[in-house]
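Chemist: This is model.cif, which holds mmCIF, C-alpha atoms and all ligand atoms:
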data_coords
#
loop_
_atom_site.group_PDB
_atom_site.id
_atom_site.type_symbol
_atom_site.label_atom_id
_atom_site.label_comp_id
_atom_site.auth_asym_id
_atom_site.auth_seq_id
_atom_site.Cartn_x
_atom_site.Cartn_y
_atom_site.Cartn_z
ATOM 1 C CA THR A 1 20.724 23.263 12.658
ATOM 2 C CA ALA A 2 18.795 21.193 15.148
ATOM 3 C CA SER A 3 20.026 17.844 16.348
ATOM 4 C CA SER A 4 17.572 14.999 15.917
ATOM 5 C CA SER A 5 16.593 15.122 19.590
ATOM 6 C CA ASP A 6 15.202 18.650 19.099
ATOM 7 C CA LEU A 7 13.004 17.552 16.259
ATOM 8 C CA ILE A 8 9.265 17.147 16.589
ATOM 9 C CA ARG A 9 7.938 13.994 14.948
ATOM 10 C CA ALA A 10 4.853 14.403 12.795
ATOM 11 C CA THR A 11 3.001 11.834 10.713
ATOM 12 C CA LEU A 12 2.717 12.516 6.986
ATOM 13 C CA PHE A 13 0.248 10.786 4.684
ATOM 14 C CA PRO A 14 1.107 11.946 1.143
ATOM 15 C CA GLY A 15 -2.192 10.392 0.018
ATOM 16 C CA ASP A 16 -3.514 9.752 -3.483
ATOM 17 C CA GLY A 17 -3.926 11.637 -6.748
ATOM 18 C CA ILE A 18 -2.233 15.037 -6.478
ATOM 19 C CA GLY A 19 -1.370 14.215 -2.837
ATOM 20 C CA PRO A 20 2.266 13.124 -3.333
ATOM 21 C CA GLU A 21 3.007 16.184 -5.520
ATOM 22 C CA ILE A 22 1.627 18.730 -3.066
ATOM 23 C CA ALA A 23 3.074 16.857 -0.060
ATOM 24 C CA ASP A 24 6.450 17.145 -1.737
ATOM 25 C CA SER A 25 5.959 20.924 -1.978
ATOM 26 C CA VAL A 26 5.259 21.083 1.755
ATOM 27 C CA LYS A 27 8.366 19.048 2.535
ATOM 28 C CA GLN A 28 10.522 21.342 0.390
ATOM 29 C CA VAL A 29 9.142 24.535 1.921
ATOM 30 C CA PHE A 30 9.483 23.171 5.466
ATOM 31 C CA LYS A 31 13.072 22.212 4.752
ATOM 32 C CA ALA A 32 13.900 25.627 3.321
ATOM 33 C CA ALA A 33 12.307 27.330 6.336
ATOM 34 C CA GLU A 34 14.243 25.025 8.692
ATOM 35 C CA VAL A 35 11.105 23.865 10.471
ATOM 36 C CA PRO A 36 12.186 21.500 13.285
ATOM 37 C CA ILE A 37 9.942 18.663 12.167
ATOM 38 C CA GLU A 38 10.823 15.127 11.228
ATOM 39 C CA TRP A 39 8.189 13.529 9.023
ATOM 40 C CA GLU A 40 7.139 9.950 9.640
ATOM 41 C CA GLU A 41 5.724 9.008 6.248
ATOM 42 C CA HIS A 42 2.918 6.506 5.878
ATOM 43 C CA TYR A 43 1.275 5.281 2.737
ATOM 44 C CA VAL A 44 -2.123 3.729 2.277
ATOM 45 C CA GLY A 45 -1.712 -0.033 1.754
ATOM 46 C CA ASN A 46 -2.629 -2.093 -1.301
ATOM 47 C CA GLU A 47 -4.773 -4.501 0.647
ATOM 48 C CA ILE A 48 -7.091 -4.438 3.623
ATOM 49 C CA ASP A 49 -5.337 -4.509 6.979
ATOM 50 C CA PRO A 50 -7.531 -6.804 9.092
ATOM 51 C CA ARG A 51 -6.649 -4.772 12.180
ATOM 52 C CA THR A 52 -8.271 -1.613 10.744
ATOM 53 C CA GLN A 53 -10.623 -3.268 8.239
ATOM 54 C CA SER A 54 -9.458 -0.756 5.687
ATOM 55 C CA PHE A 55 -6.515 0.034 3.428
ATOM 56 C CA LEU A 56 -5.073 2.146 6.225
ATOM 57 C CA THR A 57 -2.393 0.270 8.079
ATOM 58 C CA TRP A 58 -2.535 -0.155 11.811
ATOM 59 C CA GLU A 59 1.025 1.247 11.984
ATOM 60 C CA SER A 60 -0.058 4.500 10.350
ATOM 61 C CA LEU A 61 -2.866 5.004 12.869
ATOM 62 C CA GLU A 62 -0.454 4.208 15.708
ATOM 63 C CA SER A 63 1.930 6.810 14.326
ATOM 64 C CA VAL A 64 -0.733 9.550 14.576
ATOM 65 C CA ARG A 65 -1.749 8.376 18.056
ATOM 66 C CA LYS A 66 1.866 8.558 19.216
ATOM 67 C CA ASN A 67 2.914 11.813 17.513
ATOM 68 C CA LYS A 68 -0.450 13.542 18.043
ATOM 69 C CA VAL A 69 0.263 15.808 15.058
ATOM 70 C CA GLY A 70 0.256 15.110 11.384
ATOM 71 C CA LEU A 71 -0.475 16.228 7.866
ATOM 72 C CA LYS A 72 -2.697 14.292 5.516
ATOM 73 C CA GLY A 73 -2.962 14.488 1.748
ATOM 74 C CA PRO A 74 -6.241 13.627 0.024
ATOM 75 C CA MET A 75 -7.197 9.942 0.050
ATOM 76 C CA ALA A 76 -9.374 8.345 -2.612
ATOM 77 C CA THR A 77 -11.296 5.304 -1.480
ATOM 78 C CA PRO A 78 -11.000 2.531 -4.080
ATOM 79 C CA ILE A 79 -14.361 1.864 -5.667
ATOM 80 C CA GLY A 80 -15.950 -1.432 -4.725
ATOM 81 C CA LYS A 81 -17.553 -3.034 -1.733
ATOM 82 C CA GLY A 82 -16.209 -4.540 1.432
ATOM 83 C CA HIS A 83 -14.091 -1.785 2.897
ATOM 84 C CA ARG A 84 -14.652 1.456 4.689
ATOM 85 C CA SER A 85 -13.858 4.896 3.289
ATOM 86 C CA LEU A 86 -10.280 5.820 4.186
ATOM 87 C CA ASN A 87 -11.215 9.296 5.362
ATOM 88 C CA LEU A 88 -14.058 8.017 7.481
ATOM 89 C CA THR A 89 -11.847 5.297 8.983
ATOM 90 C CA LEU A 90 -9.235 7.862 9.987
ATOM 91 C CA ARG A 91 -11.811 10.157 11.537
ATOM 92 C CA LYS A 92 -13.573 7.349 13.382
ATOM 93 C CA GLU A 93 -10.501 5.443 14.564
ATOM 94 C CA LEU A 94 -8.796 8.605 15.841
ATOM 95 C CA ASN A 95 -12.081 10.247 16.875
ATOM 96 C CA LEU A 96 -11.265 13.388 14.900
ATOM 97 C CA TYR A 97 -14.588 14.975 15.714
ATOM 98 C CA ALA A 98 -14.027 18.536 14.520
ATOM 99 C CA ASN A 99 -12.682 19.820 11.232
ATOM 100 C CA VAL A 100 -11.709 23.493 11.407
ATOM 101 C CA ARG A 101 -11.782 25.160 7.982
ATOM 102 C CA PRO A 102 -10.601 28.769 7.817
ATOM 103 C CA CYS A 103 -11.387 30.696 4.650
ATOM 104 C CA TYR A 104 -10.250 34.245 3.961
ATOM 105 C CA SER A 105 -9.827 36.493 0.928
ATOM 106 C CA LEU A 106 -6.250 36.481 -0.316
ATOM 107 C CA PRO A 107 -4.734 39.936 -0.795
ATOM 108 C CA GLY A 108 -3.981 40.594 -4.457
ATOM 109 C CA TYR A 109 -6.099 37.752 -5.798
ATOM 110 C CA LYS A 110 -9.293 39.332 -7.083
ATOM 111 C CA THR A 111 -12.592 37.483 -6.736
ATOM 112 C CA ARG A 112 -16.164 38.755 -6.489
ATOM 113 C CA TYR A 113 -15.552 39.381 -2.780
ATOM 114 C CA ASP A 114 -12.563 40.887 -1.002
ATOM 115 C CA ASP A 115 -13.729 40.692 2.598
ATOM 116 C CA VAL A 116 -14.314 37.002 3.279
ATOM 117 C CA ASP A 117 -12.940 36.006 6.655
ATOM 118 C CA LEU A 118 -14.742 33.103 8.242
ATOM 119 C CA ILE A 119 -14.186 29.684 9.736
ATOM 120 C CA THR A 120 -16.393 26.684 9.090
ATOM 121 C CA ILE A 121 -16.310 24.086 11.840
ATOM 122 C CA ARG A 122 -17.468 20.819 10.367
ATOM 123 C CA GLU A 123 -18.628 18.045 12.641
ATOM 124 C CA ASN A 124 -16.647 15.112 11.355
ATOM 125 C CA THR A 125 -17.786 11.782 12.751
ATOM 126 C CA GLU A 126 -21.577 11.884 13.027
ATOM 127 C CA GLY A 127 -24.420 13.327 11.011
ATOM 128 C CA GLU A 128 -25.904 12.292 7.714
ATOM 129 C CA TYR A 129 -22.743 10.589 6.438
ATOM 130 C CA SER A 130 -22.647 8.111 9.296
ATOM 131 C CA GLY A 131 -26.267 7.755 10.320
ATOM 132 C CA LEU A 132 -25.843 9.587 13.651
ATOM 133 C CA GLU A 133 -27.893 12.757 14.065
ATOM 134 C CA HIS A 134 -28.755 14.767 17.177
ATOM 135 C CA GLN A 135 -27.879 18.162 17.851
ATOM 136 C CA CYS A 136 -26.054 19.746 21.083
ATOM 137 C CA CYS A 137 -24.964 23.156 19.862
ATOM 138 C CA ARG A 138 -27.586 25.069 21.866
ATOM 139 C CA GLU A 139 -26.437 23.539 25.158
ATOM 140 C CA VAL A 140 -22.833 24.560 24.539
ATOM 141 C CA ALA A 141 -23.815 28.026 23.308
ATOM 142 C CA GLU A 142 -25.610 28.706 26.622
ATOM 143 C CA LYS A 143 -22.322 28.238 28.455
ATOM 144 C CA TYR A 144 -20.640 30.953 26.393
ATOM 145 C CA PRO A 145 -22.975 33.970 26.439
ATOM 146 C CA GLU A 146 -20.111 36.247 25.325
ATOM 147 C CA ILE A 147 -20.240 34.534 21.916
ATOM 148 C CA LYS A 148 -23.246 35.660 19.918
ATOM 149 C CA TYR A 149 -25.107 32.546 18.789
ATOM 150 C CA GLU A 150 -27.540 32.508 15.906
ATOM 151 C CA GLU A 151 -29.273 29.703 14.065
ATOM 152 C CA VAL A 152 -29.794 29.861 10.331
ATOM 153 C CA VAL A 153 -31.547 27.323 8.119
ATOM 154 C CA ILE A 154 -29.162 25.874 5.524
ATOM 155 C CA ASP A 155 -30.950 27.147 2.398
ATOM 156 C CA ASN A 156 -31.087 30.667 3.787
ATOM 157 C CA CYS A 157 -27.453 30.357 4.890
ATOM 158 C CA CYS A 158 -26.393 29.596 1.290
ATOM 159 C CA MET A 159 -28.249 32.665 0.057
ATOM 160 C CA MET A 160 -26.718 34.899 2.737
ATOM 161 C CA LEU A 161 -23.211 33.562 2.047
ATOM 162 C CA VAL A 162 -23.236 34.412 -1.636
ATOM 163 C CA LYS A 163 -24.964 37.740 -1.045
ATOM 164 C CA ASN A 164 -22.660 38.934 1.708
ATOM 165 C CA PRO A 165 -20.079 36.501 3.115
ATOM 166 C CA ALA A 166 -18.792 39.194 5.493
ATOM 167 C CA LEU A 167 -21.922 38.596 7.615
ATOM 168 C CA PHE A 168 -20.324 35.463 9.058
ATOM 169 C CA ASP A 169 -17.421 34.843 11.422
ATOM 170 C CA VAL A 170 -17.786 31.195 12.399
ATOM 171 C CA LEU A 171 -20.111 28.595 10.910
ATOM 172 C CA VAL A 172 -20.698 25.502 13.048
ATOM 173 C CA MET A 173 -22.008 22.781 10.787
ATOM 174 C CA PRO A 174 -23.054 19.155 10.911
ATOM 175 C CA ASN A 175 -21.039 16.797 8.736
ATOM 176 C CA LEU A 176 -22.855 16.972 5.393
ATOM 177 C CA TYR A 177 -23.633 20.698 5.453
ATOM 178 C CA GLY A 178 -20.062 21.428 6.552
ATOM 179 C CA ASP A 179 -18.729 19.574 3.530
ATOM 180 C CA ILE A 180 -20.964 21.460 1.115
ATOM 181 C CA ILE A 181 -20.656 24.891 2.717
ATOM 182 C CA SER A 182 -16.871 24.770 2.904
ATOM 183 C CA ASP A 183 -16.675 24.053 -0.859
ATOM 184 C CA LEU A 184 -19.008 27.021 -1.351
ATOM 185 C CA CYS A 185 -16.739 29.177 0.843
ATOM 186 C CA ALA A 186 -13.663 27.996 -1.093
ATOM 187 C CA GLY A 187 -15.402 29.211 -4.240
ATOM 188 C CA LEU A 188 -15.826 32.666 -2.729
ATOM 189 C CA ILE A 189 -12.079 33.156 -2.394
ATOM 190 C CA GLY A 190 -10.701 31.433 -5.482
ATOM 191 C CA GLY A 191 -11.297 27.705 -5.254
ATOM 192 C CA LEU A 192 -10.335 24.454 -3.609
ATOM 193 C CA GLY A 193 -6.636 24.912 -4.225
ATOM 194 C CA LEU A 194 -6.532 27.523 -1.465
ATOM 195 C CA THR A 195 -8.461 26.361 1.578
ATOM 196 C CA PRO A 196 -6.758 24.565 4.467
ATOM 197 C CA SER A 197 -8.207 22.640 7.380
ATOM 198 C CA CYS A 198 -7.217 20.907 10.566
ATOM 199 C CA ASN A 199 -8.930 17.909 12.167
ATOM 200 C CA ILE A 200 -9.026 18.084 15.933
ATOM 201 C CA GLY A 201 -9.617 14.915 17.888
ATOM 202 C CA GLU A 202 -9.528 12.959 21.071
ATOM 203 C CA GLY A 203 -6.496 13.418 23.303
ATOM 204 C CA GLY A 204 -5.445 16.607 21.505
ATOM 205 C CA ILE A 205 -4.652 15.025 18.151
ATOM 206 C CA ALA A 206 -4.309 17.544 15.311
ATOM 207 C CA LEU A 207 -4.289 16.131 11.786
ATOM 208 C CA ALA A 208 -4.151 18.892 9.181
ATOM 209 C CA GLU A 209 -5.447 18.334 5.642
ATOM 210 C CA ALA A 210 -6.588 20.329 2.637
ATOM 211 C CA VAL A 211 -10.339 20.642 2.116
ATOM 212 C CA HIS A 212 -10.058 19.356 -1.459
ATOM 213 C CA GLY A 213 -10.023 15.794 -2.741
ATOM 214 C CA SER A 214 -7.456 13.862 -4.749
ATOM 215 C CA ALA A 215 -8.218 15.769 -8.006
ATOM 216 C CA PRO A 216 -7.644 12.774 -10.310
ATOM 217 C CA ASP A 217 -8.243 15.009 -13.369
ATOM 218 C CA ILE A 218 -4.920 16.822 -12.823
ATOM 219 C CA ALA A 219 -2.938 14.199 -10.863
ATOM 220 C CA GLY A 220 0.630 13.485 -11.943
ATOM 221 C CA LYS A 221 0.741 16.502 -14.260
ATOM 222 C CA ASN A 222 2.594 18.973 -12.038
ATOM 223 C CA LEU A 223 -0.459 21.271 -12.186
ATOM 224 C CA ALA A 224 -1.890 21.119 -8.667
ATOM 225 C CA ASN A 225 -1.938 24.133 -6.406
ATOM 226 C CA PRO A 226 -0.117 23.144 -3.191
ATOM 227 C CA THR A 227 -1.397 26.224 -1.299
ATOM 228 C CA ALA A 228 -4.261 24.442 0.493
ATOM 229 C CA LEU A 229 -2.011 21.684 1.850
ATOM 230 C CA MET A 230 0.741 24.173 2.750
ATOM 231 C CA LEU A 231 -1.685 26.399 4.645
ATOM 232 C CA SER A 232 -2.962 23.240 6.358
ATOM 233 C CA ALA A 233 0.617 22.490 7.384
ATOM 234 C CA VAL A 234 0.763 26.050 8.737
ATOM 235 C CA THR A 235 -2.236 25.300 10.978
ATOM 236 C CA MET A 236 -0.265 22.316 12.266
ATOM 237 C CA LEU A 237 2.670 24.620 13.101
ATOM 238 C CA ARG A 238 0.305 26.943 14.962
ATOM 239 C CA HIS A 239 -1.042 23.974 16.913
ATOM 240 C CA LEU A 240 2.570 23.244 17.885
ATOM 241 C CA GLU A 241 2.985 26.952 18.768
ATOM 242 C CA LEU A 242 5.761 27.330 16.192
ATOM 243 C CA HIS A 243 4.302 30.721 15.307
ATOM 244 C CA ASP A 244 7.475 32.278 13.847
ATOM 245 C CA LYS A 245 7.830 29.478 11.312
ATOM 246 C CA ALA A 246 4.085 29.528 10.638
ATOM 247 C CA ASP A 247 4.106 33.296 9.976
ATOM 248 C CA ARG A 248 7.156 33.064 7.744
ATOM 249 C CA ILE A 249 5.695 30.315 5.570
ATOM 250 C CA GLN A 250 2.192 31.820 5.449
ATOM 251 C CA ASN A 251 3.602 35.217 4.429
ATOM 252 C CA ALA A 252 5.760 33.638 1.732
ATOM 253 C CA ILE A 253 2.699 31.876 0.278
ATOM 254 C CA LEU A 254 0.463 34.961 0.424
ATOM 255 C CA ASN A 255 3.198 37.224 -0.997
ATOM 256 C CA THR A 256 3.844 34.833 -3.881
ATOM 257 C CA ILE A 257 0.145 34.783 -4.786
ATOM 258 C CA ALA A 258 -0.187 38.573 -4.328
ATOM 259 C CA GLU A 259 2.843 39.234 -6.516
ATOM 260 C CA GLY A 260 1.032 37.344 -9.269
ATOM 261 C CA LYS A 261 4.111 36.291 -11.207
ATOM 262 C CA TYR A 262 3.828 32.626 -10.306
ATOM 263 C CA ARG A 263 0.353 31.195 -10.056
ATOM 264 C CA THR A 264 -1.009 27.737 -10.834
ATOM 265 C CA ALA A 265 -3.693 27.178 -13.474
ATOM 266 C CA ASP A 266 -6.613 27.090 -11.009
ATOM 267 C CA LEU A 267 -5.758 30.739 -10.209
ATOM 268 C CA GLY A 268 -5.481 31.653 -13.884
ATOM 269 C CA GLY A 269 -1.695 31.339 -14.052
ATOM 270 C CA SER A 270 0.578 29.009 -15.967
ATOM 271 C CA SER A 271 3.069 27.923 -13.307
ATOM 272 C CA SER A 272 3.657 24.297 -12.502
ATOM 273 C CA THR A 273 3.416 22.983 -8.949
ATOM 274 C CA THR A 274 7.202 22.888 -8.736
ATOM 275 C CA ASP A 275 7.726 26.431 -10.130
ATOM 276 C CA PHE A 276 5.165 27.857 -7.731
ATOM 277 C CA THR A 277 6.818 25.986 -4.855
ATOM 278 C CA LYS A 278 10.201 27.382 -5.835
ATOM 279 C CA ALA A 279 8.756 30.900 -5.896
ATOM 280 C CA ILE A 280 7.464 30.415 -2.338
ATOM 281 C CA ILE A 281 10.892 29.260 -1.228
ATOM 282 C CA ASP A 282 12.402 32.372 -2.854
ATOM 283 C CA HIS A 283 9.962 34.496 -0.830
ATOM 284 C CA LEU A 284 10.882 32.872 2.484
HETATM 285 P P1 LIG B 1 -13.765 14.289 -3.061
HETATM 286 O O1 LIG B 1 -14.880 13.376 -3.348
HETATM 287 O O2 LIG B 1 -12.521 13.608 -2.550
HETATM 288 O O3 LIG B 1 -14.163 15.509 -2.273
HETATM 289 P P2 LIG B 1 -14.117 15.765 -5.473
HETATM 290 O O4 LIG B 1 -14.721 14.935 -6.539
HETATM 291 O O5 LIG B 1 -14.958 16.711 -4.711
HETATM 292 O O6 LIG B 1 -13.296 14.826 -4.486
HETATM 293 P P3 LIG B 1 -11.698 17.255 -5.738
HETATM 294 O O7 LIG B 1 -10.615 16.280 -5.799
HETATM 295 O O8 LIG B 1 -11.865 18.002 -4.457
HETATM 296 O O9 LIG B 1 -13.002 16.524 -6.200
HETATM 297 O O10 LIG B 1 -11.575 18.263 -6.953
HETATM 298 C C1 LIG B 1 -12.639 19.075 -7.441
HETATM 299 C C2 LIG B 1 -12.097 19.974 -8.543
HETATM 300 O O11 LIG B 1 -11.180 20.925 -7.990
HETATM 301 C C3 LIG B 1 -11.312 19.206 -9.614
HETATM 302 O O12 LIG B 1 -11.545 19.777 -10.884
HETATM 303 C C4 LIG B 1 -9.873 19.409 -9.208
HETATM 304 O O13 LIG B 1 -8.971 19.387 -10.285
HETATM 305 C C5 LIG B 1 -9.892 20.786 -8.547
HETATM 306 N N1 LIG B 1 -8.878 20.843 -7.478
HETATM 307 C C6 LIG B 1 -8.950 20.256 -6.268
HETATM 308 N N2 LIG B 1 -7.854 20.484 -5.559
HETATM 309 C C7 LIG B 1 -7.026 21.226 -6.344
HETATM 310 C C8 LIG B 1 -5.716 21.772 -6.156
HETATM 311 N N3 LIG B 1 -5.005 21.610 -5.035
HETATM 312 N N4 LIG B 1 -5.179 22.476 -7.174
HETATM 313 C C9 LIG B 1 -5.861 22.667 -8.314
HETATM 314 N N5 LIG B 1 -7.097 22.186 -8.544
HETATM 315 C C10 LIG B 1 -7.685 21.464 -7.563
HETATM 316 MG MG MG B 2 -15.292 17.305 -2.672
#
Mind turning this structure into structure tokens?
Ligand code: ATP
Ligand code: MG
Modeler:
Amino acid sequence: TASSSDLIRATLFPGDGIGPEIADSVKQVFKAAEVPIEWEEHYVGNEIDPRTQSFLTWESLESVRKNKVGLKGPMATPIGKGHRSLNLTLRKELNLYANVRPCYSLPGYKTRYDDVDLITIRENTEGEYSGLEHQCCREVAEKYPEIKYEEVVIDNCCMMLVKNPALFDVLVMPNLYGDIISDLCAGLIGGLGLTPSCNIGEGGIALAEAVHGSAPDIAGKNLANPTALMLSAVTMLRHLELHDKADRIQNAILNTIAEGKYRTADLGGSSSTTDFTKAIIDHL
């Protein structure tokens, strides 16, 4: 066992809705796999912190800035005026400009397609959601002629994706399209309970989070699928180059789903979040 000086500190936001339940699954699996990470947990406050002008505390932002790695559960912005969206505040304050969203068919879980393997890169801080639009993809593409660059109009892209998702390897998307297209891609492989992401930002910050939201319809019922957040945590391990631990956890998740004995309701099973988590730990 590692002494505390060997441990890597990472920020954890359990978040809202199903967030605390699925964050708990990640903590359990990481513990069982003896991942050398010490979580620094931060919760969203009950009132506006004047230093961030949002419900996010200044301390929690400082924690991410210091640790440079973290895992974030879904955050629901309280309805009402006078404060910024929590997700937008995090992205803006930490300049998390790119959200990398891998999406691949899971072996043993049958959907209409069995050969999806693509990554959506969603621009995270500009675009339609924040009133900042200008494009710079072409300039960057010219610098990398070894990467084949193609432009597709969004409506046509949607048609191509549902017709043959194997046509695509990487989709580089502005903010709004990236949000929509990655939900579409999640649907191709079995839904929002499965797709991870990692926000990459200024100064090498990596803040992993599931693509899905806080799922208030199933919150607190022990029904949520923790796969998306766990696979997000795996992207964080890869960022830290802890590849052995990442492989071990990813394989345990994929093998549990492939085996089919324990699956959550979104995948047509009847396992609770905690039973599914236990099955993953058994597969480690
Ligand atoms: P947001 O505005 O935050 O994106 P949303 O309204 O798009 O939220 P989500 O919270 O992403 O909604 O949920 C959409 C649907 O997918 C809901 O029916 C929810 O129950 C389901 N869902 C989302 N995440 C999971 C999960 N991890 N496990 C099971 N079902 C999920
Ligand atoms: Mg959504």
Chemist: Name the residues that the PyMOL selection byres (((chain A and resi 17) around 6) and not hetatm) pulls out of this structure, and write them as a list in words.
Modeler: Asp16, Ile18, Gly19, Ser214, Pro216 and Ala219 of chain A
Chemist: Mind listing the residues within 10 Å of ligand MG 2 (chain B), all atoms listed in the file counted, as a list in words?
Modeler: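 Checking all atoms listed in the file against ligand MG 2 (chain B) at 10 Å gives Asp179, Ile180, Ser182, Asp183, Leu192, Val211, His212, Gly213, Ser214 and Ala215 of chain A.
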Chemist: So how far away is atom CA of Ile281 of chain A from atom CA of Ala32 of chain A, in Å?
Modeler: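 Distance reported for this atom pair: 6.6 Å.
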Chemist: Every residue with an atom at most 12 Å from (-7.9, 39.6, -3.3) (file coordinates; all atoms listed in the file) is what I'm after, so could you write them as a PyMOL selection string?
Modeler: chain A and resi 104-117+188-190+254-255+257-260+267
Chemist: Calculate how many Å separate atom CA of Arg84 of chain A from atom CA of Ile205 of chain A, rounding to one decimal.
Modeler: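 Computing it gives 21.6 Å between the two atoms.
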Chemist: Which residues, written as a PyMOL selection string, have at least one atom at most 12 Å from Ile48 of chain A, with all atoms listed in the file counted and residues fewer than 2 positions away on the same chain left out?
Modeler: chain A and resi 44-46+50-58+77-78+81-86
Chemist: Name the residues captured by the PyMOL selection byres (((chain A and resi 168) around 12) and not hetatm) when it is applied to the shown file; answer as a list in words.
Modeler: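 So the PyMOL selection byres (((chain A and resi 168) around 12) and not hetatm) ends up selecting Pro102, Cys103, Tyr104, Asp115, Val116, Asp117, Leu118, Ile119, Thr120, Lys148, Tyr149, Glu150, Glu151, Val152, Cys157, Cys158, Met160, Leu161, Val162, Lys163, Asn164, Pro165, Ala166, Leu167, Asp169, Val170, Leu171, Val172 and Cys185 of chain A.
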Chemist: Would you please work out which residue, of A:Gly178, A:Pro74, A:Gly127, A:Gly269, is nearest to ligand LIG 1 (chain B) when using all atoms listed in the file?
Modeler: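 Closest candidate: A:Pro74.
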Chemist: Might you spell out which residues the PyMOL selection byres (((chain A and resi 208) around 9) and not hetatm) would select in the displayed file, as a PyMOL selection string?
Modeler: chain A and resi 69-73+99+196-200+206-207+209-210+229+232-236
Chemist: Would you compute the distance between atom CA of Gln250 of chain A and atom CA of Leu231 of chain A? Give it in Å to one decimal.
Modeler: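 For atom CA of Gln250 of chain A relative to atom CA of Leu231 of chain A, the distance reads 6.7 Å.
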Chemist: How big is the axis-aligned box, and where does its centre sit, when it encloses all atoms of ligand LIG 1 (chain B) listed in the file and has 8 Å added on every side, reported in Å to one decimal as AutoDock Vina command-line options?
Modeler:
--center_x -10.0 --center_y 18.0 --center_z -6.6 --size_x 26.0 --size_y 25.3 --size_z 24.6
Chemist: Quick one: residues within 12 Å of segment 175-177 of chain A, only C-alpha atoms, excluding same-chain residues fewer than 6 positions away - as a PyMOL selection string?
Modeler: chain A and resi 88+91+97-100+120-135+153-155+157-158+183-185
Chemist: Skipping near chain neighbours, those fewer than 6 positions away, what residues fall within 7 Å of Ile8 of chain A using all atoms listed in the file, listed as a PDB file with C-alpha atoms, in the coordinates of the input?
Modeler:
ATOM      1  CA  PRO A  36      12.186  21.500  13.285  1.00  0.00           C
ATOM      2  CA  ILE A  37       9.942  18.663  12.167  1.00  0.00           C
ATOM      3  CA  GLU A  38      10.823  15.127  11.228  1.00  0.00           C
TER       4      GLU A  38
END
Chemist: Choose the residue, out of A:Pro145, A:Pro14, A:Pro174, A:Gly201, that has the smallest atom-to-atom separation from Ala76 of chain A; count only C-alpha atoms.
Modeler: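 Comparing A:Pro145, A:Pro14, A:Pro174, A:Gly201 against Ala76 of chain A, the winner is A:Pro14.
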Chemist: Given the choices A:Ala23, A:Met230, A:Leu223, A:Val140, which gets closest to ligand LIG 1 (chain B) if the distance is worked out from all atoms listed in the file?
Modeler: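 Using all atoms listed in the file, the shortest distance to ligand LIG 1 (chain B) belongs to A:Leu223.
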Chemist: Excluding Val35 of chain A and any residue of its chain fewer than 2 positions from it, enumerate the residues within 9 Å of it, using only C-alpha atoms, and give them as a VMD selection string.
Modeler: chain A and resid 7 29 to 33 37 to 38 237 242 245
